[in-house]
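*Asks:* A single structure is presented below for examination.
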Amino acid sequence: MYLTGKLVEPLSSKIDWCEPNYVVSTNIAEFWNTLSNIPMLIIPLILIYLYKDYSLKVLHCRFVNVVWALLVLTAIGSAYFHATLSLLGLFVDEIGILWMGFAMLGMWLPGVYLPEYFNKNRYHYHVLMIAGAITSTILGLIKPQINHIFLFLFLFPTLKVAKGQLSRHMSPEFQRLCKRGLVTLTFALVSWVCDRFICSFWLQIHFPYLHAIWHVLIAIATYQLGVCCSYSYAVHSSPNTNPTLQFWKLAGSRFIGLWFVSFDQLV
């Protein structure tokens, strides 16, 4: 239970990943698991800038950047947790992920997957998602193991929506980005499972870094699938804005950059 005990005390969490503690640095418990959160911190900060038009043009998405801000919070919470392995760090890490999941569902779940009532009253659906996030937070405080159930439950609507939208034959850019996101997500989950359940093997071959790889891959997969979901929702809810997928190039590079949703208002 998070409400008792020394929350900020290092190593107070019962969860400890495969990377040996305090090997690289005497001040950071899991050095590489901490450092690998940098992509999860940088990517959403750029997307907050790129999505400034999205918040103005897409129906019911005025607060779209809350999603990316929660990804930033998740990165900070994860880095703090792996640096200290404290109960407080674990709680902030997991709650950030939970709230981001609820925010993505609330913001971008297409109306076709919702009951007719919520289709006509999207605001009430947003309230329901906020209530779900608050409820899961309270339950997580009381019984932390519940958080893991919620975290993996988010996979099912993500996969269902991705499969449904891929079958609708949207733009080639959407098809490629969505498939890359699903492949990246698959490799991320494999990395997480392998680090968690066969740690002894990775220690034996001196490569206990799969959880760090998970951080990098899940940051990329979340960005890719988040952009796909936001594009799909924009196409269905605000087709008059002519949403398109654009590639923001880093320093003019052809291959390094981020996809985002752009608009060309139809006359």
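Ordered as shown in the structure tokens, chains take letters A, B, and onward, while each chain numbers its residues from 1 and ligands are numbered from 1 in the order shown.
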Find the nearest atom pair between each residue of range 57-145 of chain A and range 18-42 of chain A for residues within 12 Å, count only C-alpha atoms, give distances in Å to one decimal, sort rows by chain and ascending number, and present the table as CSV.

*Replies:*
residue,atom,partner,partner_atom,distance
A:Trp68,CA,A:Leu41,CA,9.5
A:Ala69,CA,A:Leu41,CA,9.3
A:Leu70,CA,A:Leu41,CA,10.1
A:Leu71,CA,A:Met40,CA,6.9
A:Val72,CA,A:Leu41,CA,5.0
A:Leu73,CA,A:Leu41,CA,8.1
A:Thr74,CA,A:Met40,CA,8.0
A:Ala75,CA,A:Leu41,CA,5.4
A:Ile76,CA,A:Leu41,CA,7.2
A:Gly77,CA,A:Asn37,CA,9.4
A:Ser78,CA,A:Asn37,CA,7.0
A:Ala79,CA,A:Thr34,CA,4.5
A:Tyr80,CA,A:Thr34,CA,7.3
A:Phe81,CA,A:Thr34,CA,7.9
A:His82,CA,A:Thr34,CA,5.3
A:Ala83,CA,A:Ile28,CA,4.6
A:Thr84,CA,A:Ala29,CA,5.6
A:Leu85,CA,A:Ala29,CA,6.8
A:Ser86,CA,A:Ala29,CA,9.9
A:Gly89,CA,A:Thr34,CA,11.5
A:Asp93,CA,A:Asn37,CA,11.2
A:Ile97,CA,A:Met40,CA,11.7

*Asks:* So, counting only C-alpha atoms, which residue among A:Gly252, A:Pro208, A:Gly226, A:Pro243 is closest to Met107 in chain A?

*Replies:* A:Gly226

*Asks:* Rounded to one decimal place, report the CA of Leu47 in chain A-CA of Lys160 in chain A distance in Å.

*Replies:* 24.3 Å

*Asks:* Between A:Gln204, A:Asn121, A:Ser136, A:Ser55, which has the minimum distance to Ala234 in chain A (counting only C-alpha atoms)?

*Replies:*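 Of A:Gln204, A:Asn121, A:Ser136, A:Ser55, the one nearest Ala234 in chain A, counting only C-alpha atoms, is A:Ser55.
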
*Asks:* Do a neighbour search on range 244-249 of chain A at 7 Å with only C-alpha atoms, toss out local chain neighbours closer than 5 positions, and write the hits as a list in words.

*Replies:*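 Near range 244-249 of chain A, the qualifying residues are Glu173, Arg254, Ile256, Gly257, Leu258, Trp259, Phe260, Val261, Ser262 and Phe263 of chain A.
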
*Asks:* For the selection just defined, write its residues with N, CA, C and O atoms to a file, as a PDB file, in the first residue's frame.

*Replies:*
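Wrote part_21.pdb, looks like this:
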ATOM      1  N   GLU A 173       0.669   6.959 -45.802  1.00  0.00           N
ATOM      2  CA  GLU A 173       1.488   7.375 -44.667  1.00  0.00           C
ATOM      3  C   GLU A 173       0.912   6.839 -43.357  1.00  0.00           C
ATOM      4  O   GLU A 173       1.651   6.387 -42.488  1.00  0.00           O
ATOM      5  N   ARG A 254      16.381  13.946 -43.799  1.00  0.00           N
ATOM      6  CA  ARG A 254      15.320  13.238 -44.515  1.00  0.00           C
ATOM      7  C   ARG A 254      14.716  12.118 -43.676  1.00  0.00           C
ATOM      8  O   ARG A 254      13.573  11.718 -43.891  1.00  0.00           O
ATOM      9  N   ILE A 256      15.357  11.671 -39.956  1.00  0.00           N
ATOM     10  CA  ILE A 256      15.194  11.910 -38.526  1.00  0.00           C
ATOM     11  C   ILE A 256      14.181  13.023 -38.312  1.00  0.00           C
ATOM     12  O   ILE A 256      14.357  14.146 -38.794  1.00  0.00           O
ATOM     13  N   GLY A 257      13.110  12.713 -37.615  1.00  0.00           N
ATOM     14  CA  GLY A 257      12.066  13.694 -37.372  1.00  0.00           C
ATOM     15  C   GLY A 257      10.842  13.026 -36.771  1.00  0.00           C
ATOM     16  O   GLY A 257      10.901  11.868 -36.343  1.00  0.00           O
ATOM     17  N   LEU A 258       9.725  13.740 -36.777  1.00  0.00           N
ATOM     18  CA  LEU A 258       8.493  13.238 -36.178  1.00  0.00           C
ATOM     19  C   LEU A 258       7.310  13.487 -37.110  1.00  0.00           C
ATOM     20  O   LEU A 258       7.204  14.549 -37.732  1.00  0.00           O
ATOM     21  N   TRP A 259       6.423  12.507 -37.166  1.00  0.00           N
ATOM     22  CA  TRP A 259       5.170  12.673 -37.872  1.00  0.00           C
ATOM     23  C   TRP A 259       4.188  13.432 -36.974  1.00  0.00           C
ATOM     24  O   TRP A 259       4.218  13.287 -35.750  1.00  0.00           O
ATOM     25  N   PHE A 260       3.337  14.228 -37.587  1.00  0.00           N
ATOM     26  CA  PHE A 260       2.293  14.932 -36.853  1.00  0.00           C
ATOM     27  C   PHE A 260       1.121  15.213 -37.786  1.00  0.00           C
ATOM     28  O   PHE A 260       1.216  14.985 -39.014  1.00  0.00           O
ATOM     29  N   VAL A 261       0.002  15.686 -37.254  1.00  0.00           N
ATOM     30  CA  VAL A 261      -1.179  15.965 -38.056  1.00  0.00           C
ATOM     31  C   VAL A 261      -1.210  17.440 -38.429  1.00  0.00           C
ATOM     32  O   VAL A 261      -1.182  18.311 -37.546  1.00  0.00           O
ATOM     33  N   SER A 262      -1.252  17.688 -39.734  1.00  0.00           N
ATOM     34  CA  SER A 262      -1.334  19.050 -40.254  1.00  0.00           C
ATOM     35  C   SER A 262      -2.687  19.253 -40.932  1.00  0.00           C
ATOM     36  O   SER A 262      -3.426  18.288 -41.148  1.00  0.00           O
ATOM     37  N   PHE A 263      -2.999  20.496 -41.278  1.00  0.00           N
ATOM     38  CA  PHE A 263      -4.323  20.793 -41.821  1.00  0.00           C
ATOM     39  C   PHE A 263      -4.225  21.742 -42.991  1.00  0.00           C
ATOM     40  O   PHE A 263      -3.394  22.635 -43.043  1.00  0.00           O
TER      41      PHE A 263
END

*Asks:* Please measure the separation of CA of Val216 in chain A and CA of Leu182 in chain A, giving the value in Å to one decimal.

*Replies:*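 A separation of 14.5 Å between them.
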
*Asks:* So, with only C-alpha atoms as the atoms that count, which of A:Ile46, A:Tyr117, A:Ile218, A:Val161 lies closest to Leu250 in chain A?

*Replies:*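 Of A:Ile46, A:Tyr117, A:Ile218, A:Val161, the one nearest Leu250 in chain A is A:Ile46, counting only C-alpha atoms.
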
*Asks:* Would you work out the distance separating CA of Ile43 in chain A from CA of Pro157 in chain A, expressed in Å to one decimal?

*Replies:*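 These atoms are spaced 23.1 Å apart.
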
*Asks:* Any chance you could list, as a ChimeraX atom specification, the residues in range 11-106 of chain A that come up alpha helix (DSSP H) when DSSP is run on the backbone?

*Replies:* /A:31-35,38-50,54-57,65-84,87-106

*Asks:* Write out as number ranges by chain which residues come within 7 Å of Leu7 in chain A when counting only C-alpha atoms, dropping same-chain ones fewer than 4 positions away.

*Replies:* A: 12, 86-88

*Asks:* Looking at only C-alpha atoms, which of A:Lys163, A:Lys143, A:Arg176, A:His60 is the one that sits closest to Tyr123 in chain A?

*Replies:*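 Looking at the shortest contact to Tyr123 in chain A, the residue is A:His60.
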